[in-house]
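I have placed the structure first, in the form of structure tokens, so that the comments after it can refer back to it.
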Amino acid sequence: MGSQLVPVALVCQFEMIARGFLAAARFLLVLSGGWTSAARWQRQVLTRFNTDIDLYLPRGTSAGTVIFVHGLSVLGHRDPRVEQLGSALATAGFRAVIPAIKSLRELWIRRDQPEQIEQLITAITSDEQLVPGGCCALMAVSFSGVFVLRAAGRPAVSARLSALGLIGAYADVNSVCDFLVTANRADPYGYLLMLRSYYAECETPSARFLEALERCIEHSITASEAESFEDILDASQPDEAQLIQLIADPRARADMGRRIRSVFDADWRDYEAPIESLQLDVPVFLIHGRDDRVIPVEQSRDLADRLDVRGVVNRLCVTRFLSHGDSRIRWHELPEVLRVWCAFAWFFRCCQVSAKHQPE
């Protein structure tokens with residue numbers, strides 16, 4: 001009898017591999033804009049746990065559920081990039097559950113934020129309507145990777161997880177802080193958000209200073225790289241001159257970086273990636289843009305090393321098809337396409353309802 005079971009097991013394994021590659025092909029086609037048909041998915045809008053949740057459903061049988069946590073973006077779950085990812089997951093055959101998270105849409109870093117989002121993820125994973133069968137994968141982008149890692153460390157959540165997927169995540173928040181503060185190539189957006197949250201929680205600046213800071217954040221989102229912050233700030237006003245110094249003066253930036261790091265070591269310590277709490281049987285997929293200017297690619301490499309030390313199965317894919325939150329797949333670059341395709345095929349194979357979640 002044992003010899004007859006081997007071919008069946010091999011066939012099942014082959015089918016899972018094939019479904020992973022097919023799901024990855026569909027996912028990448030939609031993500032690249034090469035396949036926009038809405039006939040393969042539908043979106044429902046629900047209200048659960050005092051927040052709106054977009055539920056992207058595949059047409060036909062679902063291969064599993066993926067809960068996605070959006071990043072620091074004013075549009076949140078309705079950012080066109082997030083909507084495209086939701087439709088891509090559904091076209092690939094997965095239920096995509098994407099909650100709106102108020103603090104992330106308001107671009108805040110707050111001491112109570114990690115616990116609040118962790119509780120939301122925990123509640124969603126236990127909701128039978130959102131996660132039928134109680135098995136799901138967690139996925140997040142950028143700064144929000146830490147919330148997924150925190151939730152995955154909870155035994156009640158990890159028992160339901162098939163996989164984790166982190167896009168442009170970080171391993172060490174203080175290293176990211178140093179990069180955003182000191183690196184010439186860093187996107188100013190990340191530094192300005194940390195600056196805003198620091199002053200909101202740790203100091204009491206003037207209303208004019210805060211208004212000018214909000215203006216700079218909006219400028220960093222919409223303006224071209226060639227435009228300077230001095231063009232929108234008035235150096236004759238003391239509060240705005242202070243902000244110009246915090247943005248343009250390397251010494252002032254370095255001093256501010258030390259102050260922000262001290263908060264990450266104290267009130268914001270829950271933003272450190274909790275690798276030591278991860279369960280060993282939940283595989284982790286890491287994908288990072290080679291030229292990411294908000295969270296440098298070295299962070300995912302460090303994260304993969306730490307997962308190796310922990311004994312967590314993981315796969316890292318570094319690609320020039322990603323920047324930070326944006327993707328642009330160039331199909332003529334066949335070797336790169338194949339690498340990304342194989343990486344996502346591995347992740348989607350892990351996302352399928354695995355043996356440990358099947359009824360005995």
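Ordered as shown in the structure tokens, chains take letters A, B, and onward, while each chain numbers its residues from 1 and ligands are numbered from 1 in the order shown.
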Checklist entry - Near region 195-198 of chain A, within 6 Å and counting only C-alpha atoms, which residues show up once chain neighbours fewer than 3 positions away are dropped, as a count of residues only? => result 5
Next on the checklist: Excluding region 136-145 of chain A and its own-chain neighbours fewer than 3 positions away, which residues fall within 8 Å of it when counting only C-alpha atoms? Please give them as an MDAnalysis selection string.
Outcome noted: chainID A and resid 64:72 125 131 148:149 160:170 295 324:325 351 353
Store the residues of this selection in a file with C-alpha atoms, as a PDB file, in the first residue's frame.
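What ended up in again12.pdb:
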ATOM      1  CA  GLY A  64      -6.816  30.441  -0.256  1.00  0.00           C
ATOM      2  CA  THR A  65      -7.115  33.802   1.495  1.00  0.00           C
ATOM      3  CA  VAL A  66      -4.521  36.602   1.610  1.00  0.00           C
ATOM      4  CA  ILE A  67      -4.890  39.467   4.101  1.00  0.00           C
ATOM      5  CA  PHE A  68      -3.016  42.542   2.867  1.00  0.00           C
ATOM      6  CA  VAL A  69      -1.992  45.499   5.059  1.00  0.00           C
ATOM      7  CA  HIS A  70      -1.452  48.691   3.070  1.00  0.00           C
ATOM      8  CA  GLY A  71       1.347  51.133   3.786  1.00  0.00           C
ATOM      9  CA  LEU A  72       1.595  54.779   4.831  1.00  0.00           C
ATOM     10  CA  THR A 125      -7.986  36.002  10.782  1.00  0.00           C
ATOM     11  CA  VAL A 131     -11.293  33.861   6.171  1.00  0.00           C
ATOM     12  CA  VAL A 148       2.313  41.480   9.957  1.00  0.00           C
ATOM     13  CA  LEU A 149       5.412  40.104  11.677  1.00  0.00           C
ATOM     14  CA  ARG A 160      -3.948  29.788  10.987  1.00  0.00           C
ATOM     15  CA  LEU A 161      -1.137  30.998   8.734  1.00  0.00           C
ATOM     16  CA  SER A 162       0.015  29.379   5.523  1.00  0.00           C
ATOM     17  CA  ALA A 163       2.653  32.016   4.649  1.00  0.00           C
ATOM     18  CA  LEU A 164       3.875  35.593   5.016  1.00  0.00           C
ATOM     19  CA  GLY A 165       4.655  37.903   2.113  1.00  0.00           C
ATOM     20  CA  LEU A 166       6.623  41.115   2.723  1.00  0.00           C
ATOM     21  CA  ILE A 167       7.198  43.699  -0.001  1.00  0.00           C
ATOM     22  CA  GLY A 168      10.022  46.140   0.737  1.00  0.00           C
ATOM     23  CA  ALA A 169      10.020  45.450   4.490  1.00  0.00           C
ATOM     24  CA  TYR A 170      12.683  46.273   7.058  1.00  0.00           C
ATOM     25  CA  ILE A 295      13.667  51.238   2.774  1.00  0.00           C
ATOM     26  CA  HIS A 324       8.934  51.632  -3.372  1.00  0.00           C
ATOM     27  CA  GLY A 325       5.293  50.673  -3.781  1.00  0.00           C
ATOM     28  CA  CYS A 351      -0.443  30.345   0.273  1.00  0.00           C
ATOM     29  CA  VAL A 353      -4.296  25.581   1.972  1.00  0.00           C
TER      30      VAL A 353
END
Next on the checklist: Quick check for you: according to DSSP on this backbone, which residues of region 124-226 of chain A are classed as strand (DSSP E or B)? Reply as a list in words.
Outcome noted: Cys136, Ala137, Leu138, Met139, Ala140, Val141, Leu161, Ser162, Ala163, Leu164, Gly165, Leu166 and Ile167 of chain A
Next on the checklist: Which residue is closest to Gly34 (chain A)? Choose from A:Ile329, A:Leu180, A:Val318, A:Glu272 and count only C-alpha atoms.
Outcome noted: A:Ile329
Checklist entry - DSSP says alpha helix (DSSP H) for which residues of region 31-234 of chain A? Put them as an MDAnalysis selection string? => result chainID A and resid 31 80:91 102:105 113:125 145:152 155:158 173:182 188:202 207:222
Checklist entry - Of the candidates A:Asp234, A:Pro58, A:Glu276, A:Leu210, which one gets nearest to Trp41 (chain A) if we count only C-alpha atoms? => result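 Nearest candidate to Trp41 (chain A) out of A:Asp234, A:Pro58, A:Glu276, A:Leu210: A:Pro58.
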Checklist entry - Nearest to Val297 (chain A) among A:Thr122, A:Thr319, A:Ser103, A:Asn174, with distances taken over only C-alpha atoms: which residue is it? => result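 Distance minimum relative to Val297 (chain A) lands on A:Thr319.
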Checklist entry - What separation in Å, quoted to one decimal, exists between CA of Ser32 (chain A) and CA of Leu286 (chain A)? => result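 CA of Leu286 (chain A) lies 19.1 Å from CA of Ser32 (chain A).
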